[in-house]
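Trainee: This is the content of entry_25.tsv (TSV, C-alpha atoms):
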```tsv
chain	number	residue	atom	x	y	z
A	1	MET	CA	1.75	11.98	-26.49
A	2	ALA	CA	3.56	11.97	-23.15
A	3	ARG	CA	2.42	9.64	-20.41
A	4	VAL	CA	2.17	10.77	-16.78
A	5	VAL	CA	3.40	8.56	-13.96
A	6	MET	CA	2.94	9.22	-10.26
A	7	GLN	CA	5.86	7.83	-8.25
A	8	ALA	CA	7.25	7.59	-4.72
A	9	VAL	CA	8.70	5.23	-2.16
A	10	VAL	CA	5.84	4.23	0.12
A	11	SER	CA	5.26	2.24	3.30
A	12	VAL	CA	2.93	-0.77	3.30
A	13	ASP	CA	0.31	1.49	4.91
A	14	GLY	CA	0.50	4.09	2.17
A	15	TYR	CA	2.76	6.84	3.55
A	16	ILE	CA	5.65	8.49	1.71
A	17	ALA	CA	7.06	10.34	4.75
A	18	TYR	CA	6.39	11.09	8.38
A	19	PRO	CA	4.35	14.21	9.19
A	20	ASP	CA	7.65	16.13	9.57
A	21	ASP	CA	8.78	15.01	6.06
A	22	SER	CA	11.44	12.63	7.39
A	23	VAL	CA	11.45	9.26	5.64
A	24	GLY	CA	12.49	6.81	8.37
A	25	PRO	CA	13.62	3.55	6.75
A	26	LEU	CA	11.81	4.18	3.43
A	27	PHE	CA	15.01	5.05	1.56
A	28	ASP	CA	17.23	2.28	2.97
A	29	TRP	CA	17.19	0.48	-0.37
A	30	TYR	CA	18.78	3.48	-2.11
A	31	GLY	CA	22.13	2.63	-0.51
A	32	ASN	CA	22.23	-1.06	0.32
A	33	GLY	CA	23.43	-2.67	-2.92
A	34	ASP	CA	26.39	-2.87	-5.26
A	35	ALA	CA	24.73	-1.77	-8.50
A	36	GLU	CA	25.02	1.93	-9.32
A	37	VAL	CA	22.12	3.83	-10.80
A	38	SER	CA	22.30	7.48	-11.85
A	39	ALA	CA	19.56	10.06	-12.15
A	40	GLY	CA	20.49	11.97	-15.28
A	41	ALA	CA	20.95	15.73	-15.06
A	42	SER	CA	21.31	15.87	-11.29
A	43	GLY	CA	24.32	13.57	-11.40
A	44	TRP	CA	22.97	11.82	-8.30
A	45	THR	CA	24.00	8.20	-7.99
A	46	PHE	CA	22.72	5.48	-5.72
A	47	GLN	CA	23.99	2.02	-4.81
A	48	VAL	CA	21.06	-0.36	-5.02
A	49	SER	CA	20.50	-4.09	-5.41
A	50	ARG	CA	20.86	-5.50	-8.91
A	51	ALA	CA	17.14	-6.20	-9.07
A	52	SER	CA	16.31	-2.61	-8.15
A	53	ALA	CA	18.85	-1.25	-10.63
A	54	GLY	CA	17.25	-3.27	-13.41
A	55	TYR	CA	13.92	-1.62	-12.66
A	56	VAL	CA	14.92	1.89	-11.60
A	57	GLN	CA	17.50	2.81	-14.24
A	58	PRO	CA	15.18	2.32	-17.24
A	59	PHE	CA	12.43	4.16	-15.34
A	60	TRP	CA	14.65	7.18	-14.64
A	61	ASP	CA	15.98	7.12	-18.20
A	62	ALA	CA	12.41	7.26	-19.52
A	63	VAL	CA	11.52	10.31	-17.40
A	64	LYS	CA	11.86	13.49	-19.45
A	65	VAL	CA	10.14	15.98	-17.17
A	66	THR	CA	9.47	15.96	-13.44
A	67	VAL	CA	6.62	17.88	-11.81
A	68	ILE	CA	7.00	18.90	-8.17
A	69	GLY	CA	5.16	21.13	-5.72
A	70	ARG	CA	6.43	24.29	-4.10
A	71	HIS	CA	6.96	22.56	-0.76
A	72	LEU	CA	9.48	20.12	-2.23
A	73	PHE	CA	11.12	22.94	-4.17
A	74	ASP	CA	11.58	24.95	-0.98
A	75	THR	CA	12.80	22.07	1.18
A	76	THR	CA	15.44	20.99	-1.38
A	77	ASN	CA	16.58	24.50	-2.42
A	78	GLY	CA	15.13	23.72	-5.83
A	79	TRP	CA	17.48	20.73	-6.12
A	80	ASP	CA	20.20	23.32	-6.76
A	81	GLY	CA	18.78	23.93	-10.19
A	82	LYS	CA	19.09	20.37	-11.48
A	83	PRO	CA	16.08	18.12	-11.99
A	84	ALA	CA	16.47	14.92	-10.00
A	85	ALA	CA	15.38	13.03	-13.10
A	86	GLY	CA	14.74	14.17	-16.65
A	87	ASP	CA	15.81	17.23	-18.58
A	88	ALA	CA	13.33	19.74	-17.27
A	89	LEU	CA	11.26	20.39	-14.19
A	90	VAL	CA	7.90	22.02	-13.61
A	91	VAL	CA	7.18	23.61	-10.22
A	92	VAL	CA	3.51	24.01	-9.38
A	93	THR	CA	3.30	27.16	-7.28
A	94	HIS	CA	1.10	30.18	-6.76
A	95	ARG	CA	4.11	32.35	-5.89
A	96	PRO	CA	7.04	33.38	-8.10
A	97	LEU	CA	10.23	31.39	-7.59
A	98	PRO	CA	12.61	33.22	-5.20
A	99	PRO	CA	14.62	35.97	-6.99
A	100	ASP	CA	17.82	34.95	-5.17
A	101	TRP	CA	17.44	31.35	-6.32
A	102	LEU	CA	16.75	32.45	-9.92
A	103	ALA	CA	19.85	34.68	-9.84
A	104	ASP	CA	21.97	31.79	-8.54
A	105	HIS	CA	20.61	29.32	-11.12
A	106	PRO	CA	20.13	31.31	-14.33
A	107	ASP	CA	20.31	28.23	-16.54
A	108	ALA	CA	18.08	25.94	-14.49
A	109	PRO	CA	15.51	24.24	-16.75
A	110	PHE	CA	12.76	25.00	-14.25
A	111	HIS	CA	9.32	26.16	-15.29
A	112	PRO	CA	6.72	27.52	-12.86
A	113	ALA	CA	3.04	26.72	-13.37
A	114	ASP	CA	0.19	28.08	-11.28
A	115	SER	CA	-2.04	25.00	-11.17
A	116	VAL	CA	-1.74	21.24	-11.31
A	117	GLU	CA	-3.58	21.18	-14.62
A	118	ALA	CA	-1.32	23.83	-16.15
A	119	GLY	CA	1.75	22.12	-14.73
A	120	ILE	CA	0.92	18.73	-16.17
A	121	ALA	CA	-0.02	20.26	-19.54
A	122	LEU	CA	3.29	22.14	-19.70
A	123	ALA	CA	5.24	19.06	-18.64
A	124	LYS	CA	3.60	16.93	-21.32
A	125	GLN	CA	4.40	19.54	-23.93
A	126	LEU	CA	8.05	19.61	-22.80
A	127	ALA	CA	8.29	15.81	-22.64
A	128	GLY	CA	7.27	15.14	-26.24
A	129	ASP	CA	6.40	11.47	-26.27
A	130	GLY	CA	8.49	10.74	-23.17
A	131	LEU	CA	7.49	10.20	-19.57
A	132	VAL	CA	6.31	12.88	-17.13
A	133	CYS	CA	6.91	12.01	-13.49
A	134	VAL	CA	4.77	13.73	-10.89
A	135	THR	CA	5.76	13.30	-7.26
A	136	ALA	CA	3.24	11.43	-5.17
A	137	GLY	CA	1.74	13.18	-2.16
A	138	ASP	CA	-0.43	16.31	-2.23
A	139	LEU	CA	0.49	17.30	-5.77
A	140	GLY	CA	0.32	13.79	-7.22
A	141	GLY	CA	-2.96	13.21	-5.41
A	142	GLN	CA	-4.47	16.30	-7.01
A	143	ALA	CA	-3.29	15.20	-10.46
A	144	PHE	CA	-4.65	11.71	-9.78
A	145	SER	CA	-8.04	13.09	-8.69
A	146	ALA	CA	-8.15	15.23	-11.83
A	147	GLY	CA	-7.68	12.14	-14.00
A	148	LEU	CA	-4.30	13.37	-15.27
A	149	VAL	CA	-2.28	10.34	-14.13
A	150	ASP	CA	-1.78	7.38	-16.49
A	151	GLU	CA	0.50	5.18	-14.38
A	152	VAL	CA	1.24	4.61	-10.70
A	153	ALA	CA	4.72	3.51	-9.60
A	154	MET	CA	4.97	2.49	-5.96
A	155	ASP	CA	8.31	1.46	-4.47
A	156	VAL	CA	6.96	-0.33	-1.41
A	157	ALA	CA	9.27	-0.50	1.60
A	158	PRO	CA	8.47	-3.23	4.14
A	159	VAL	CA	7.58	-0.99	7.04
A	160	VAL	CA	4.43	0.29	8.74
A	161	LEU	CA	4.78	4.01	9.51
A	162	GLY	CA	1.38	4.45	11.16
A	163	GLU	CA	1.08	8.11	10.20
A	164	GLY	CA	2.43	10.62	7.74
A	165	VAL	CA	2.14	12.10	4.27
A	166	ARG	CA	-0.12	9.97	2.10
A	167	PHE	CA	0.97	8.68	-1.32
A	168	PHE	CA	-2.38	9.69	-2.81
A	169	GLY	CA	-2.54	12.97	-0.88
A	170	SER	CA	-6.10	14.09	-0.26
A	171	HIS	CA	-7.56	12.02	-3.09
A	172	THR	CA	-10.90	10.40	-2.31
A	173	GLY	CA	-12.96	8.06	-4.42
A	174	THR	CA	-12.51	4.60	-5.87
A	175	VAL	CA	-10.22	4.35	-8.91
A	176	LEU	CA	-9.42	1.01	-10.50
A	177	LEU	CA	-5.93	0.14	-11.70
A	178	ASP	CA	-4.85	-2.69	-13.97
A	179	ASP	CA	-2.99	-5.59	-12.42
A	180	PRO	CA	0.64	-4.50	-12.01
A	181	ASP	CA	2.65	-5.02	-15.20
A	182	GLN	CA	5.88	-4.94	-13.21
A	183	VAL	CA	6.50	-6.62	-9.85
A	184	VAL	CA	10.20	-6.50	-8.97
A	185	GLN	CA	11.54	-7.48	-5.58
A	186	GLY	CA	14.67	-5.66	-4.46
A	187	ASP	CA	16.33	-5.53	-1.05
A	188	ARG	CA	14.05	-3.61	1.37
A	189	VAL	CA	11.76	-2.58	-1.48
A	190	LEU	CA	9.13	-4.07	-3.78
A	191	HIS	CA	8.73	-2.17	-7.04
A	192	LEU	CA	5.15	-2.14	-8.34
A	193	HIS	CA	4.05	-0.48	-11.55
A	194	TYR	CA	0.36	-0.06	-12.42
A	195	THR	CA	-1.59	1.52	-15.26
A	196	VAL	CA	-4.72	3.46	-14.31
A	197	LYS	CA	-7.93	2.14	-15.86
A	198	HIS	CA	-9.54	5.01	-17.75
B	199	MET	CA	1.95	-21.93	20.13
B	200	GLY	CA	0.63	-21.34	16.66
B	201	LYS	CA	1.81	-18.58	14.43
B	202	VAL	CA	-0.27	-15.37	14.57
B	203	VAL	CA	-1.15	-13.89	11.18
B	204	MET	CA	-2.79	-10.57	10.38
B	205	TYR	CA	-4.85	-10.76	7.22
B	206	SER	CA	-7.11	-8.89	4.82
B	207	SER	CA	-7.59	-7.95	1.21
B	208	VAL	CA	-6.45	-4.35	0.91
B	209	SER	CA	-6.36	-1.50	-1.59
B	210	VAL	CA	-3.00	-0.16	-2.80
B	211	ASP	CA	-3.46	2.77	-0.42
B	212	GLY	CA	-4.05	0.60	2.62
B	213	PHE	CA	-7.82	0.42	3.05
B	214	ILE	CA	-9.83	-2.74	3.76
B	215	ALA	CA	-13.26	-1.16	3.21
B	216	ASP	CA	-14.71	2.20	2.37
B	217	GLU	CA	-16.24	4.60	4.93
B	218	ASN	CA	-19.50	2.62	4.77
B	219	ASP	CA	-17.78	-0.73	5.38
B	220	GLN	CA	-18.24	-1.74	1.76
B	221	PRO	CA	-15.37	-3.76	0.27
B	222	GLY	CA	-16.17	-2.60	-3.28
B	223	PRO	CA	-13.80	-4.28	-5.74
B	224	LEU	CA	-11.60	-5.74	-2.95
B	225	PHE	CA	-13.34	-9.11	-3.17
B	226	ASP	CA	-13.50	-9.32	-6.97
B	227	TRP	CA	-10.59	-11.77	-7.00
B	228	LEU	CA	-12.58	-14.05	-4.66
B	229	THR	CA	-15.53	-14.34	-7.01
B	230	SER	CA	-14.11	-14.00	-10.52
B	231	GLY	CA	-12.06	-17.19	-10.87
B	232	ASP	CA	-12.95	-20.69	-11.94
B	233	VAL	CA	-11.55	-22.72	-9.04
B	234	PRO	CA	-13.87	-23.10	-6.00
B	235	LEU	CA	-12.03	-22.18	-2.82
B	236	ASP	CA	-14.50	-23.89	-0.50
B	237	GLU	CA	-17.61	-26.06	-0.57
B	238	SER	CA	-20.00	-23.10	-0.73
B	239	GLY	CA	-19.20	-22.61	-4.40
B	240	ILE	CA	-19.53	-18.85	-3.93
B	241	VAL	CA	-15.83	-18.23	-3.58
B	242	LYS	CA	-14.04	-18.91	-6.84
B	243	VAL	CA	-10.50	-17.82	-7.57
B	244	SER	CA	-7.77	-18.30	-10.14
B	245	GLN	CA	-5.66	-21.46	-9.87
B	246	THR	CA	-2.70	-19.31	-8.78
B	247	SER	CA	-4.70	-17.78	-5.93
B	248	TYR	CA	-6.12	-21.17	-4.99
B	249	ASP	CA	-2.65	-22.69	-4.69
B	250	TYR	CA	-1.67	-19.93	-2.27
B	251	THR	CA	-4.91	-19.39	-0.35
B	252	ARG	CA	-6.26	-22.92	0.19
B	253	PRO	CA	-3.19	-24.17	2.14
B	254	TYR	CA	-3.35	-20.96	4.19
B	255	TRP	CA	-7.00	-21.52	5.09
B	256	ASP	CA	-6.18	-25.15	5.98
B	257	GLN	CA	-3.65	-23.99	8.56
B	258	ILE	CA	-5.97	-21.60	10.37
B	259	GLY	CA	-7.32	-22.93	13.66
B	260	VAL	CA	-8.94	-19.78	14.98
B	261	THR	CA	-9.82	-16.36	13.61
B	262	ILE	CA	-9.95	-13.32	15.86
B	263	ALA	CA	-12.36	-10.64	14.68
B	264	GLY	CA	-13.83	-7.45	16.08
B	265	ARG	CA	-17.42	-7.00	17.18
B	266	HIS	CA	-18.06	-4.58	14.35
B	267	VAL	CA	-17.49	-7.15	11.59
B	268	PHE	CA	-19.30	-9.77	13.62
B	269	ASP	CA	-22.39	-7.54	13.85
B	270	MET	CA	-22.15	-6.52	10.20
B	271	THR	CA	-22.21	-10.13	9.04
B	272	ASP	CA	-24.87	-11.17	11.59
B	273	GLY	CA	-22.19	-13.34	13.15
B	274	TRP	CA	-21.74	-15.19	9.86
B	275	ASP	CA	-25.07	-16.88	10.80
B	276	GLY	CA	-23.22	-18.84	13.45
B	277	LYS	CA	-20.87	-20.57	11.01
B	278	PRO	CA	-17.25	-19.44	10.99
B	279	PRO	CA	-16.17	-18.17	7.56
B	280	GLY	CA	-13.95	-20.31	5.36
B	281	GLY	CA	-14.65	-23.49	7.26
B	282	ILE	CA	-12.51	-22.35	10.22
B	283	ASP	CA	-13.15	-24.16	13.52
B	284	HIS	CA	-13.49	-21.23	15.90
B	285	VAL	CA	-13.98	-17.47	15.92
B	286	VAL	CA	-12.94	-15.34	18.87
B	287	VAL	CA	-14.84	-12.05	18.94
B	288	VAL	CA	-13.19	-9.15	20.74
B	289	THR	CA	-16.02	-7.29	22.43
B	290	HIS	CA	-17.11	-5.52	25.59
B	291	ARG	CA	-20.64	-6.82	25.12
B	292	PRO	CA	-22.14	-10.29	25.53
B	293	ALA	CA	-23.33	-12.42	22.62
B	294	PRO	CA	-26.47	-11.17	20.85
B	295	GLU	CA	-29.80	-12.19	22.30
B	296	GLY	CA	-30.88	-15.57	21.03
B	297	TRP	CA	-27.36	-16.49	19.93
B	298	ASP	CA	-26.80	-20.26	19.76
B	299	PRO	CA	-24.45	-21.03	22.67
B	300	GLU	CA	-23.23	-24.12	20.80
B	301	ALA	CA	-21.92	-22.08	17.87
B	302	PRO	CA	-18.10	-22.06	17.87
B	303	PHE	CA	-17.89	-18.36	18.69
B	304	HIS	CA	-16.17	-17.03	21.80
B	305	PHE	CA	-16.86	-13.54	23.14
B	306	VAL	CA	-13.84	-12.13	24.92
B	307	ASP	CA	-13.08	-8.67	26.32
B	308	GLY	CA	-9.75	-7.21	25.21
B	309	ILE	CA	-7.06	-8.33	22.77
B	310	GLU	CA	-4.76	-10.01	25.30
B	311	ALA	CA	-7.59	-12.19	26.58
B	312	ALA	CA	-8.72	-12.86	23.00
B	313	MET	CA	-5.23	-13.98	22.02
B	314	ALA	CA	-4.95	-16.26	25.06
B	315	LYS	CA	-8.31	-17.84	24.24
B	316	ALA	CA	-7.40	-18.20	20.57
B	317	GLN	CA	-4.06	-19.84	21.31
B	318	GLN	CA	-5.74	-22.24	23.70
B	319	LEU	CA	-8.29	-23.23	21.07
B	320	ALA	CA	-5.78	-23.36	18.21
B	321	GLY	CA	-3.10	-25.45	19.90
B	322	ASP	CA	-0.21	-25.40	17.47
B	323	ARG	CA	-2.40	-24.32	14.56
B	324	MET	CA	-2.40	-20.82	13.14
B	325	VAL	CA	-4.29	-17.91	14.68
B	326	GLU	CA	-5.60	-15.42	12.15
B	327	VAL	CA	-6.34	-11.86	13.20
B	328	ALA	CA	-8.59	-9.77	11.00
B	329	ALA	CA	-6.83	-6.60	9.87
B	330	GLY	CA	-8.39	-3.30	10.87
B	331	ASP	CA	-8.93	-1.98	14.37
B	332	VAL	CA	-8.44	-5.30	16.15
B	333	GLY	CA	-5.50	-6.34	13.96
B	334	GLY	CA	-3.85	-2.98	14.47
B	335	GLN	CA	-4.15	-3.30	18.24
B	336	VAL	CA	-2.65	-6.80	18.15
B	337	LEU	CA	0.24	-5.61	15.97
B	338	ALA	CA	0.87	-2.65	18.30
B	339	ALA	CA	0.95	-5.11	21.22
B	340	GLY	CA	3.74	-7.02	19.47
B	341	LEU	CA	1.66	-10.18	19.07
B	342	ILE	CA	1.65	-10.51	15.26
B	343	ASP	CA	4.19	-12.83	13.61
B	344	GLU	CA	3.20	-12.40	9.99
B	345	VAL	CA	1.31	-9.85	7.88
B	346	ARG	CA	-0.57	-11.13	4.84
B	347	MET	CA	-1.85	-8.50	2.45
B	348	ASP	CA	-3.84	-9.47	-0.63
B	349	VAL	CA	-3.32	-6.23	-2.51
B	350	VAL	CA	-6.07	-5.35	-4.98
B	351	PRO	CA	-5.25	-2.89	-7.78
B	352	VAL	CA	-7.64	-0.17	-6.68
B	353	VAL	CA	-7.28	3.19	-4.92
B	354	PHE	CA	-9.92	3.96	-2.26
B	355	GLY	CA	-8.69	7.33	-1.00
B	356	SER	CA	-10.46	6.90	2.33
B	357	GLY	CA	-12.05	4.24	4.46
B	358	LYS	CA	-11.17	1.63	7.08
B	359	ARG	CA	-7.42	1.21	7.43
B	360	TYR	CA	-5.67	-2.18	7.25
B	361	PHE	CA	-3.47	-1.25	10.21
B	362	GLY	CA	-6.31	0.36	12.18
B	363	SER	CA	-5.05	3.00	14.57
B	364	VAL	CA	-1.40	1.90	14.64
B	365	HIS	CA	0.63	5.05	15.24
B	366	ALA	CA	4.19	3.78	15.58
B	367	GLN	CA	6.73	2.33	13.20
B	368	HIS	CA	6.84	-1.45	12.75
B	369	LEU	CA	9.53	-2.96	10.55
B	370	LEU	CA	8.72	-5.99	8.44
B	371	ALA	CA	11.08	-8.36	6.65
B	372	ASP	CA	11.11	-8.33	2.87
B	373	PRO	CA	8.07	-10.27	1.64
B	374	ASP	CA	8.80	-14.00	1.36
B	375	VAL	CA	5.73	-14.48	-0.82
B	376	VAL	CA	5.02	-12.29	-3.86
B	377	ILE	CA	2.42	-14.01	-6.03
B	378	GLN	CA	0.41	-12.30	-8.71
B	379	GLY	CA	-3.12	-13.56	-9.19
B	380	ASN	CA	-5.97	-12.07	-11.20
B	381	ARG	CA	-7.00	-8.72	-9.62
B	382	VAL	CA	-4.84	-9.47	-6.57
B	383	LEU	CA	-1.18	-9.51	-5.53
B	384	HIS	CA	-0.53	-11.86	-2.62
B	385	LEU	CA	2.14	-10.54	-0.24
B	386	ARG	CA	3.40	-12.15	2.96
B	387	TYR	CA	5.71	-10.35	5.38
B	388	ARG	CA	7.27	-11.53	8.63
B	389	VAL	CA	7.20	-8.94	11.40
B	390	ARG	CA	10.68	-7.95	12.58
B	391	ARG	CA	11.05	-7.92	16.32
```
Could you spell out this file's structure in structure tokens?
Mentor:
Amino acid sequence: MARVVMQAVVSVDGYIAYPDDSVGPLFDWYGNGDAEVSAGASGWTFQVSRASAGYVQPFWDAVKVTVIGRHLFDTTNGWDGKPAAGDALVVVTHRPLPPDWLADHPDAPFHPADSVEAGIALAKQLAGDGLVCVTAGDLGGQAFSAGLVDEVAMDVAPVVLGEGVRFFGSHTGTVLLDDPDQVVQGDRVLHLHYTVKH
Amino acid sequence: MGKVVMYSSVSVDGFIADENDQPGPLFDWLTSGDVPLDESGIVKVSQTSYDYTRPYWDQIGVTIAGRHVFDMTDGWDGKPPGGIDHVVVVTHRPAPEGWDPEAPFHFVDGIEAAMAKAQQLAGDRMVEVAAGDVGGQVLAAGLIDEVRMDVVPVVFGSGKRYFGSVHAQHLLADPDVVIQGNRVLHLRYRVRR
């Protein structure tokens, strides 16, 4: 059975981006080291600290399917048809994917789903017993509220943003986590990994 | 001048209490251990948390708190929490009627005046500022040296924010303390200026 992790880089006050989707200094750690990590199918590589590489590479390798929302799909041109991590990608959207994009990326392993529940179910089916990564924010928050998230991975950057897009989206209500089973300090980031108490 | 530290227990999503001012599980780590943190015997923590928290408490000369928390706790019955010498209360209103004028509480209007009073009382000892609305104002004013977050593994989703109404970016240094206790992760950040 696949596990579902909710992940993002986050400020100490819980934001994953500014209101205009810019990330300020949140991503500084993706380029400030001498250890290379690569994100599978996308071919993206990043130069991070050795400590971060030791945490991030196994995490990305474990991800089989990523679940994103339509907003992220649209703002990244559907990652040009390549999942940022994993072999397949599920886009939660109420609208069909753009015909032009589909024509340009006929082989993209992208699967639309019309609800968070359907998207997570499809992703788990595709992932086998691997890891499903759902992006934090509105989509991740909905999955979290619905009890569909097993693990929470927060890459905490040492900055206060003061406003922005919340890691847990519009989730409300108290949910207990276990103590973090991974606490890894990189350079301009603290990697925390929690399991949700069910 | 003493170092100025912003402090609270906080959820992983940045809240120090829920909408009704209830801390919920945020204080579990302060009651679930076997090492008494003070003479009251109420506060008991793990040895790991004791080794980090007790020296911190010993350094605090003055705590600055808002009127809201003061009222909620009935002014801690006139005795500063954690055995601290003085509390400076940021408030536009005078002390409550019947308040003991000898109690080591100081009612000051505005954060600049509160900080001046606290520094005067603390000498070269540490000034602690309660996170939340008052802490956020002090951070925004550039008066915080260090941010201490005792991060509890719980999501609140809504409530009272650790950084209050801060609306601008503030860079911190990487944490120089990362200590895992039981139901708490102790983090300490210096504020970059």
Trainee: For chain A, list the residues within 8 Å of chain B, counting only C-alpha atoms, and write the list as a PyMOL selection string.
Mentor: chain A and resi 12-14+158-163+167-168+170-180+187-189+194
Trainee: Using atom CA of Ile214 of chain B and atom CA of Thr271 of chain B as the two end points, give the distance in Å to one decimal.
Mentor: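 Straight-line distance from atom CA of Ile214 of chain B to atom CA of Thr271 of chain B works out to 15.4 Å.
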Trainee: So what do you get for atom CA of Met204 of chain B versus atom CA of Pro19 of chain A, distance-wise?
Mentor: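 Interatomic distance, atom CA of Met204 of chain B to atom CA of Pro19 of chain A: 25.8 Å.
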Trainee: Can you pull out the residues contacting Lys82 of chain A? Cut-off 12 Å, using only C-alpha atoms, and skip same-chain residues under 3 positions away; I want them as a PyMOL selection string.
Mentor: chain A and resi 39-44+65-66+73+76-79+85-90+105-111
Trainee: Any chance you could export the current selection's C-alpha atoms as a compact mmCIF listing (two decimals), keeping the file's coordinate frame?
Mentor:
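again-v9.txt, freshly written:
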```
# COMPACT_ATOMS: atom_id res chain seq x y z
CA ALA A 39 19.56 10.06 -12.15
CA GLY A 40 20.49 11.97 -15.28
CA ALA A 41 20.95 15.73 -15.06
CA SER A 42 21.31 15.87 -11.29
CA GLY A 43 24.32 13.57 -11.40
CA TRP A 44 22.97 11.82 -8.30
CA VAL A 65 10.14 15.98 -17.17
CA THR A 66 9.47 15.96 -13.44
CA PHE A 73 11.12 22.94 -4.17
CA THR A 76 15.44 20.99 -1.38
CA ASN A 77 16.58 24.50 -2.42
CA GLY A 78 15.13 23.72 -5.83
CA TRP A 79 17.48 20.73 -6.12
CA ALA A 85 15.38 13.03 -13.10
CA GLY A 86 14.74 14.17 -16.65
CA ASP A 87 15.81 17.23 -18.58
CA ALA A 88 13.33 19.74 -17.27
CA LEU A 89 11.26 20.39 -14.19
CA VAL A 90 7.90 22.02 -13.61
CA HIS A 105 20.61 29.32 -11.12
CA PRO A 106 20.13 31.31 -14.33
CA ASP A 107 20.31 28.23 -16.54
CA ALA A 108 18.08 25.94 -14.49
CA PRO A 109 15.51 24.24 -16.75
CA PHE A 110 12.76 25.00 -14.25
CA HIS A 111 9.32 26.16 -15.29
```
Trainee: Separation of atom CA of Gln182 of chain A and atom CA of Gln57 of chain A, in Å?
Mentor: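 For atom CA of Gln182 of chain A relative to atom CA of Gln57 of chain A, the distance reads 14.0 Å.
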Trainee: Go ahead and find all residues with at least one atom no further than 12 Å from (-22.3, -15.6, 9.4) in the file's coordinates, using only C-alpha atoms; report them as a PyMOL selection string.
Mentor: chain B and resi 267-282+285+297+301-303
Trainee: Would you kindly return, as a count of residues only, each protein, DNA or RNA residue with an atom no farther than 9 Å from any atom of Met313 of chain B, considering only C-alpha atoms and excluding same-chain residues fewer than 2 positions away?
Mentor: 13
